[in-house]
$ cat query_39.pdb   # PDB, C-alpha atoms
ATOM      1  CA  MET Q 245     -67.363 -54.941 -92.654
ATOM      2  CA  SER Q 246     -70.856 -55.521 -93.936
ATOM      3  CA  GLY Q 247     -71.532 -58.123 -96.579
ATOM      4  CA  GLY Q 248     -72.622 -55.412 -99.046
ATOM      5  CA  SER Q 249     -70.035 -56.028-101.778
ATOM      6  CA  ALA Q 250     -70.442 -59.788-101.620
ATOM      7  CA  THR Q 251     -74.228 -59.434-101.727
ATOM      8  CA  ARG Q 252     -74.035 -57.130-104.748
ATOM      9  CA  SER Q 253     -71.765 -59.643-106.475
ATOM     10  CA  THR Q 254     -74.309 -62.432-105.981
ATOM     11  CA  GLN Q 255     -77.195 -60.188-107.063
ATOM     12  CA  TYR Q 256     -75.332 -58.969-110.114
ATOM     13  CA  ALA Q 257     -74.749 -62.563-111.279
ATOM     14  CA  ARG Q 258     -78.390 -63.485-110.627
ATOM     15  CA  VAL Q 259     -79.814 -60.488-112.498
ATOM     16  CA  ALA Q 260     -77.468 -60.915-115.473
ATOM     17  CA  GLY Q 261     -78.262 -64.629-115.634
ATOM     18  CA  GLU Q 262     -82.032 -64.162-115.470
ATOM     19  CA  LEU Q 263     -82.007 -61.405-118.099
ATOM     20  CA  HIS Q 264     -79.825 -63.581-120.335
ATOM     21  CA  ALA Q 265     -82.288 -66.476-119.965
ATOM     22  CA  ALA Q 266     -85.306 -64.233-120.616
ATOM     23  CA  ILE Q 267     -83.744 -62.882-123.819
ATOM     24  CA  ARG Q 268     -82.804 -66.375-124.989
ATOM     25  CA  LYS Q 269     -86.371 -67.610-124.429
ATOM     26  CA  GLY Q 270     -87.840 -64.684-126.349
ATOM     27  CA  ARG Q 271     -89.475 -62.876-123.447
ATOM     28  CA  TYR Q 272     -87.622 -59.795-124.644
ATOM     29  CA  PRO Q 273     -87.585 -60.134-128.478
ATOM     30  CA  LEU Q 274     -84.832 -59.015-130.824
ATOM     31  CA  GLY Q 275     -85.155 -55.314-131.585
ATOM     32  CA  GLY Q 276     -87.326 -54.739-128.525
ATOM     33  CA  LEU Q 277     -86.449 -52.839-125.378
ATOM     34  CA  LEU Q 278     -85.719 -54.143-121.910
ATOM     35  CA  PRO Q 279     -87.739 -52.611-119.062
ATOM     36  CA  THR Q 280     -86.344 -49.414-117.584
ATOM     37  CA  GLU Q 281     -83.668 -49.563-114.896
ATOM     38  CA  MET Q 282     -86.211 -48.561-112.271
ATOM     39  CA  ALA Q 283     -88.608 -51.291-113.402
ATOM     40  CA  LEU Q 284     -85.821 -53.870-113.256
ATOM     41  CA  CYS Q 285     -84.812 -52.654-109.784
ATOM     42  CA  GLU Q 286     -88.367 -53.212-108.570
ATOM     43  CA  HIS Q 287     -88.714 -56.562-110.361
ATOM     44  CA  PHE Q 288     -85.480 -58.032-108.971
ATOM     45  CA  GLY Q 289     -85.483 -56.151-105.666
ATOM     46  CA  VAL Q 290     -81.957 -54.800-106.171
ATOM     47  CA  SER Q 291     -80.205 -51.448-106.428
ATOM     48  CA  ARG Q 292     -79.631 -49.453-109.602
ATOM     49  CA  ILE Q 293     -75.869 -50.160-109.282
ATOM     50  CA  THR Q 294     -76.592 -53.895-109.499
ATOM     51  CA  VAL Q 295     -78.964 -53.518-112.459
ATOM     52  CA  ARG Q 296     -76.477 -51.353-114.355
ATOM     53  CA  ALA Q 297     -73.678 -53.867-113.750
ATOM     54  CA  ALA Q 298     -75.862 -56.696-115.052
ATOM     55  CA  ILE Q 299     -76.852 -54.725-118.159
ATOM     56  CA  ARG Q 300     -73.218 -53.799-118.818
ATOM     57  CA  GLU Q 301     -72.376 -57.500-118.761
ATOM     58  CA  LEU Q 302     -74.996 -58.164-121.452
ATOM     59  CA  GLU Q 303     -73.873 -55.118-123.418
ATOM     60  CA  VAL Q 304     -70.219 -56.123-123.696
ATOM     61  CA  ARG Q 305     -71.341 -59.624-124.660
ATOM     62  CA  GLY Q 306     -73.143 -58.064-127.622
ATOM     63  CA  MET Q 307     -76.654 -59.000-126.458
ATOM     64  CA  VAL Q 308     -77.978 -55.487-125.853
ATOM     65  CA  SER Q 309     -77.161 -51.896-126.724
ATOM     66  CA  ARG Q 310     -77.984 -48.763-124.755
ATOM     67  CA  ARG Q 311     -79.059 -45.513-126.388
ATOM     68  CA  PRO Q 312     -79.694 -42.267-124.495
ATOM     69  CA  GLY Q 313     -83.322 -41.287-124.604
ATOM     70  CA  ILE Q 314     -84.374 -44.629-126.073
ATOM     71  CA  GLY Q 315     -83.400 -47.386-123.641
ATOM     72  CA  THR Q 316     -81.724 -50.781-123.747
ATOM     73  CA  ARG Q 317     -82.379 -52.622-127.015
ATOM     74  CA  VAL Q 318     -82.043 -56.403-127.456
ATOM     75  CA  GLU Q 319     -79.488 -57.138-130.206
ATOM     76  CA  ALA Q 320     -78.834 -60.908-129.918
ATOM     77  CA  LYS Q 321     -80.210 -63.972-128.137
ATOM     78  CA  THR Q 322     -76.788 -65.319-127.159
ATOM     79  CA  GLY Q 323     -73.613 -63.574-126.085
ATOM     80  CA  ARG Q 324     -70.019 -63.899-127.116
ATOM     81  CA  GLU Q 325     -68.327 -67.028-125.848
ATOM     82  CA  ARG Q 326     -65.526 -65.337-123.962
ATOM     83  CA  PHE Q 327     -65.996 -64.128-120.388
ATOM     84  CA  VAL Q 328     -66.418 -60.346-120.361
ATOM     85  CA  HIS Q 329     -66.459 -58.096-117.318
ATOM     86  CA  ALA Q 330     -67.284 -54.394-117.429
ATOM     87  CA  SER Q 331     -66.166 -52.100-114.645
ATOM     88  CA  ASP Q 332     -66.309 -48.444-113.686
ATOM     89  CA  SER Q 333     -66.380 -48.644-109.873
ATOM     90  CA  ILE Q 334     -64.770 -50.438-106.920
ATOM     91  CA  GLU Q 335     -67.897 -52.592-106.615
ATOM     92  CA  ASP Q 336     -67.658 -53.666-110.253
ATOM     93  CA  PHE Q 337     -63.916 -54.279-109.929
ATOM     94  CA  LEU Q 338     -64.489 -56.648-107.021
ATOM     95  CA  GLN Q 339     -67.135 -58.500-109.026
ATOM     96  CA  SER Q 340     -64.681 -59.272-111.822
ATOM     97  CA  LEU Q 341     -64.550 -63.102-112.116
ATOM     98  CA  ALA Q 342     -66.847 -63.423-109.097
ATOM     99  CA  THR Q 343     -69.478 -65.284-111.129
ATOM    100  CA  LEU Q 344     -66.954 -68.017-111.995
ATOM    101  CA  THR Q 345     -66.292 -71.026-109.750
ATOM    102  CA  PHE Q 346     -63.111 -70.937-107.679
ATOM    103  CA  ARG Q 347     -61.182 -74.229-107.846
ATOM    104  CA  LEU Q 348     -58.341 -74.453-105.330
ATOM    105  CA  LEU Q 349     -55.317 -76.345-106.656
ATOM    106  CA  SER Q 350     -52.895 -75.924-103.744
ATOM    107  CA  ALA Q 351     -52.362 -73.872-100.598
ATOM    108  CA  ARG Q 352     -49.312 -73.605 -98.337
ATOM    109  CA  THR Q 353     -47.729 -71.151 -95.926
ATOM    110  CA  VAL Q 354     -44.562 -69.428 -97.114
ATOM    111  CA  THR Q 355     -42.135 -66.980 -95.546
ATOM    112  CA  ALA Q 356     -41.799 -63.750 -97.501
ATOM    113  CA  ASP Q 357     -38.316 -63.221 -98.886
ATOM    114  CA  ALA Q 358     -37.147 -59.822-100.089
ATOM    115  CA  ALA Q 359     -38.714 -60.221-103.551
ATOM    116  CA  LEU Q 360     -42.104 -61.408-102.275
ATOM    117  CA  ALA Q 361     -42.162 -58.767 -99.523
ATOM    118  CA  GLY Q 362     -41.589 -56.088-102.154
ATOM    119  CA  GLU Q 363     -44.295 -57.544-104.417
ATOM    120  CA  TYR Q 364     -46.869 -57.954-101.661
ATOM    121  CA  GLY Q 365     -45.979 -54.916 -99.580
ATOM    122  CA  CYS Q 366     -45.247 -56.714 -96.305
ATOM    123  CA  ALA Q 367     -42.149 -57.140 -94.138
ATOM    124  CA  GLU Q 368     -39.498 -59.680 -95.042
ATOM    125  CA  GLY Q 369     -40.071 -62.787 -92.905
ATOM    126  CA  ASP Q 370     -43.852 -62.372 -92.672
ATOM    127  CA  ALA Q 371     -45.951 -65.524 -93.058
ATOM    128  CA  LEU Q 372     -48.187 -65.533 -96.137
ATOM    129  CA  LEU Q 373     -50.556 -68.084 -97.593
ATOM    130  CA  ARG Q 374     -49.719 -68.976-101.194
ATOM    131  CA  MET Q 375     -52.689 -70.320-103.147
ATOM    132  CA  GLU Q 376     -52.899 -71.622-106.692
ATOM    133  CA  ALA Q 377     -56.399 -71.661-108.155
ATOM    134  CA  LEU Q 378     -58.489 -71.722-111.309
ATOM    135  CA  ARG Q 379     -61.650 -69.822-112.159
ATOM    136  CA  ILE Q 380     -64.024 -72.124-114.053
ATOM    137  CA  ASP Q 381     -66.974 -71.143-116.240
ATOM    138  CA  ALA Q 382     -70.355 -72.892-116.373
ATOM    139  CA  ASP Q 383     -69.075 -75.348-119.009
ATOM    140  CA  GLY Q 384     -66.066 -76.352-116.902
ATOM    141  CA  LEU Q 385     -63.523 -74.430-118.996
ATOM    142  CA  PRO Q 386     -60.728 -72.657-117.079
ATOM    143  CA  VAL Q 387     -60.924 -68.909-117.646
ATOM    144  CA  CYS Q 388     -57.879 -68.033-115.566
ATOM    145  CA  TYR Q 389     -55.097 -69.521-113.458
ATOM    146  CA  SER Q 390     -54.026 -67.453-110.443
ATOM    147  CA  ILE Q 391     -51.427 -67.393-107.719
ATOM    148  CA  HIS Q 392     -52.669 -65.508-104.654
ATOM    149  CA  HIS Q 393     -50.779 -64.283-101.606
ATOM    150  CA  LEU Q 394     -52.555 -63.176 -98.427
ATOM    151  CA  PRO Q 395     -51.918 -63.110 -94.665
ATOM    152  CA  ALA Q 396     -51.528 -66.660 -93.333
ATOM    153  CA  GLU Q 397     -53.969 -65.906 -90.505
ATOM    154  CA  TYR Q 398     -56.820 -65.982 -93.023
ATOM    155  CA  ALA Q 399     -55.922 -69.394 -94.447
ATOM    156  CA  THR Q 400     -59.141 -71.075 -93.282
ATOM    157  CA  ALA Q 401     -61.372 -68.457 -94.885
ATOM    158  CA  ALA Q 402     -59.349 -68.567 -98.099
ATOM    159  CA  ARG Q 403     -59.505 -72.353 -98.382
ATOM    160  CA  GLN Q 404     -63.287 -72.193 -98.005
ATOM    161  CA  MET Q 405     -63.449 -70.511-101.427
ATOM    162  CA  HIS Q 406     -62.960 -73.902-103.089
ATOM    163  CA  GLY Q 407     -66.005 -74.808-105.177
ATOM    164  CA  ARG Q 408     -67.691 -71.455-104.623
ATOM    165  CA  THR Q 409     -68.242 -68.249-106.546
ATOM    166  CA  GLY Q 410     -67.623 -64.768-105.218
ATOM    167  CA  SER Q 411     -64.708 -62.461-104.517
ATOM    168  CA  LEU Q 412     -61.735 -63.841-102.561
ATOM    169  CA  ALA Q 413     -60.694 -60.292-101.636
ATOM    170  CA  THR Q 414     -64.150 -59.520-100.238
ATOM    171  CA  ARG Q 415     -64.144 -62.739 -98.198
ATOM    172  CA  ILE Q 416     -60.739 -61.933 -96.683
ATOM    173  CA  ALA Q 417     -61.782 -58.336 -95.995
ATOM    174  CA  ARG Q 418     -64.804 -59.573 -94.030
ATOM    175  CA  ARG Q 419     -62.599 -61.782 -91.879
ATOM    176  CA  ALA Q 420     -60.231 -58.864 -91.323
ATOM    177  CA  ALA Q 421     -63.141 -56.603 -90.284
ATOM    178  CA  ALA Q 422     -62.076 -54.274 -93.083
ATOM    179  CA  GLU Q 423     -63.186 -53.201 -96.541
ATOM    180  CA  VAL Q 424     -61.460 -53.120 -99.900
ATOM    181  CA  ASP Q 425     -61.239 -49.411-100.688
ATOM    182  CA  ASP Q 426     -58.151 -49.306-102.876
ATOM    183  CA  THR Q 427     -57.263 -51.517-105.835
ATOM    184  CA  ARG Q 428     -54.385 -51.533-108.284
ATOM    185  CA  GLN Q 429     -54.041 -53.464-111.521
ATOM    186  CA  MET Q 430     -51.187 -54.045-113.981
ATOM    187  CA  ILE Q 431     -51.695 -55.820-117.336
ATOM    188  CA  ASP Q 432     -48.991 -57.344-119.504
ATOM    189  CA  ALA Q 433     -48.628 -59.854-122.351
ATOM    190  CA  HIS Q 434     -47.478 -63.410-121.681
ATOM    191  CA  ASN Q 435     -46.857 -66.655-123.556
ATOM    192  CA  LEU Q 436     -48.011 -69.751-121.695
ATOM    193  CA  SER Q 437     -45.432 -72.247-120.492
ATOM    194  CA  ALA Q 438     -46.059 -75.952-120.952
ATOM    195  CA  ALA Q 439     -47.201 -76.292-117.324
ATOM    196  CA  GLU Q 440     -49.495 -73.254-117.523
ATOM    197  CA  ALA Q 441     -51.006 -74.439-120.801
ATOM    198  CA  ARG Q 442     -51.717 -77.863-119.310
ATOM    199  CA  ILE Q 443     -53.525 -76.351-116.309
ATOM    200  CA  LEU Q 444     -55.526 -73.995-118.520
ATOM    201  CA  GLU Q 445     -56.322 -76.635-121.147
ATOM    202  CA  SER Q 446     -54.661 -74.467-123.747
ATOM    203  CA  ARG Q 447     -51.580 -74.757-125.987
ATOM    204  CA  ARG Q 448     -47.987 -74.084-125.056
ATOM    205  CA  SER Q 449     -46.776 -70.632-126.117
ATOM    206  CA  ASP Q 450     -50.325 -69.409-126.739
ATOM    207  CA  ALA Q 451     -50.781 -65.720-125.989
ATOM    208  CA  ALA Q 452     -52.311 -64.795-122.632
ATOM    209  CA  LEU Q 453     -53.072 -61.762-120.529
ATOM    210  CA  LEU Q 454     -51.011 -61.485-117.366
ATOM    211  CA  ILE Q 455     -52.896 -59.404-114.801
ATOM    212  CA  ARG Q 456     -51.487 -58.465-111.397
ATOM    213  CA  ARG Q 457     -53.930 -57.090-108.832
ATOM    214  CA  TRP Q 458     -53.561 -55.700-105.338
ATOM    215  CA  TYR Q 459     -56.591 -55.287-103.030
ATOM    216  CA  ALA Q 460     -55.997 -52.949-100.095
ATOM    217  CA  THR Q 461     -57.813 -51.113 -97.325
ATOM    218  CA  ARG Q 462     -58.157 -47.341 -97.258
ATOM    219  CA  GLU Q 463     -55.159 -47.263 -94.934
ATOM    220  CA  GLY Q 464     -53.025 -49.059 -97.512
ATOM    221  CA  ARG Q 465     -52.931 -52.526 -95.952
ATOM    222  CA  VAL Q 466     -52.776 -55.105 -98.740
ATOM    223  CA  LEU Q 467     -55.216 -57.952 -98.111
ATOM    224  CA  VAL Q 468     -54.689 -60.001-101.274
ATOM    225  CA  CYS Q 469     -52.354 -59.789-104.228
ATOM    226  CA  ALA Q 470     -52.908 -62.004-107.247
ATOM    227  CA  ARG Q 471     -51.051 -62.911-110.420
ATOM    228  CA  SER Q 472     -53.543 -64.243-112.988
ATOM    229  CA  LEU Q 473     -53.193 -65.682-116.486
ATOM    230  CA  PHE Q 474     -56.036 -65.531-119.030
ATOM    231  CA  PRO Q 475     -55.575 -67.518-122.285
ATOM    232  CA  LYS Q 476     -56.445 -65.663-125.455
ATOM    233  CA  GLY Q 477     -60.114 -65.667-126.367
ATOM    234  CA  ARG Q 478     -61.467 -66.399-122.881
ATOM    235  CA  TYR Q 479     -61.594 -63.053-121.112
ATOM    236  CA  THR Q 480     -62.190 -59.394-121.866
ATOM    237  CA  TYR Q 481     -61.921 -56.679-119.229
ATOM    238  CA  SER Q 482     -63.775 -53.464-120.037
ATOM    239  CA  ALA Q 483     -63.413 -50.339-117.906
ATOM    240  CA  ARG Q 484     -64.666 -46.783-118.152
ATOM    241  CA  ILE Q 485     -62.790 -43.964-116.402
ATOM    242  CA  ARG Q 486     -64.490 -40.615-116.058
ATOM    243  CA  ARG Q 487     -63.185 -37.263-114.890
ATOM    244  CA  GLU Q 488     -65.859 -35.451-112.928
ATOM    245  CA  GLN Q 489     -65.471 -31.665-112.838
ATOM    246  CA  ALA Q 490     -67.385 -28.736-111.469
ATOM    247  CA  ALA Q 491     -70.727 -27.852-113.027
ATOM    248  CA  GLY Q 492     -70.390 -25.921-116.264
ATOM    249  CA  THR Q 493     -67.045 -27.500-117.215
ATOM    250  CA  GLU Q 494     -66.309 -30.312-119.617
ATOM    251  CA  HIS Q 495     -66.508 -33.994-118.726
ATOM    252  CA  ALA Q 496     -63.861 -36.332-120.080
ATOM    253  CA  ALA Q 497     -64.262 -40.081-120.466
ATOM    254  CA  ILE Q 498     -61.743 -42.764-121.351
ATOM    255  CA  THR Q 499     -62.799 -46.267-122.318
ATOM    256  CA  LEU Q 500     -60.229 -49.054-122.073
TER
END
$ encode --input "query_39.pdb" --output "structure tokens"
Amino acid sequence: MSGGSATRSTQYARVAGELHAAIRKGRYPLGGLLPTEMALCEHFGVSRITVRAAIRELEVRGMVSRRPGIGTRVEAKTGRERFVHASDSIEDFLQSLATLTFRLLSARTVTADAALAGEYGCAEGDALLRMEALRIDADGLPVCYSIHHLPAEYATAARQMHGRTGSLATRIARRAAAEVDDTRQMIDAHNLSAAEARILESRRSDAALLIRRWYATREGRVLVCARSLFPKGRYTYSARIRREQAAGTEHAAITL
């Protein structure tokens, strides 16, 4: 696999960060317009996909708004405090949380019992690496606490995520000479236990989002599955799903 997704993730974070800083310093004043997507592509030396992802990040933070035929208008110098990630593609999905620092809490090899094999999609008795980790924002606040399972053979690569940013799934895919082409996500409500609240620097019984994710190859091989907890007020996930139809027919869009 090429390092394309990982590179886009790094570029996306850089572009969003530099635009955020430029707006905060007044280079792009309130009520004014950002340069066009093409101009930003040339300025940063990145693709339009990367520029759009960076602008979406600023948009869901409330810093800019986009209007067809007008452009991207600056609405605020600072964004909302919570971490927001916008997604409408596999690339964007993989970038979710990738700008936050990965802090490894523990890692050990486990043998998949019937329940874990069913959850992960492997054979009972397979060796898996079980990792507990936090994603930390720039101020050191935990945004999420996750338990990951992945093939034990990629333990070294997984442990190297400690202290870094980027996508764990993308890193494992590179080591497996594969690519993440299929993702699945389930979201539920959860109340934090005392132990979870302590790890997340939150309060016991506070509301949280429980998100389960599976990252798989086109052939259906699961590379990583993760169970993540996000305390209330620290994370928003925004996705747009579009139905593309033949020319001359209607287009439907659903925003979550």
$ atom_distance --input "query_39.pdb" --atom1 "atom CA of Q:Glu319" --atom2 "atom CA of Q:Val295"
18.1 Å
$ closest_atom_pairs --input "query_39.pdb" --of "stretch 381-495 of chain Q" --to "stretch 367-373 of chain Q" --cutoff "6 Å" --atoms "all atoms listed in the file" --output "CSV"
residue,atom,partner,partner_atom,distance
Q:His393,CA,Q:Leu373,CA,5.5
Q:Leu394,CA,Q:Leu373,CA,5.4
Q:Pro395,CA,Q:Leu372,CA,4.7
Q:Ala396,CA,Q:Leu372,CA,4.5
$ axis_aligned_box --input "query_39.pdb" --around "stretch 265-282 of chain Q" --padding-each-side "5 Å" --output "lines of an AutoDock Vina configuration file"
center_x = -85.9
center_y = -58.1
center_z = -121.9
size_x = 17.2
size_y = 29.0
size_z = 29.3
$ closest_residue --input "query_39.pdb" --among "Q:Leu412, Q:Ala439, Q:Cys388, Q:Ala401" --to "Q:Gly477" --atoms "only C-alpha atoms"
Q:Cys388
$ residues_near_point --input "query_39.pdb" --point "(-48.7, -51.0, -115.4)" --cutoff "8 Å" --atoms "only C-alpha atoms" --output "number ranges by chain"
Q: 429-432
$ resolve_selection --input "query_39.pdb" --expression "the PyMOL selection byres ((chain Q and resi 293) around 10)" --output "ChimeraX atom specification"
/Q:252,256,281,285,290-292,294-298,333,335-336
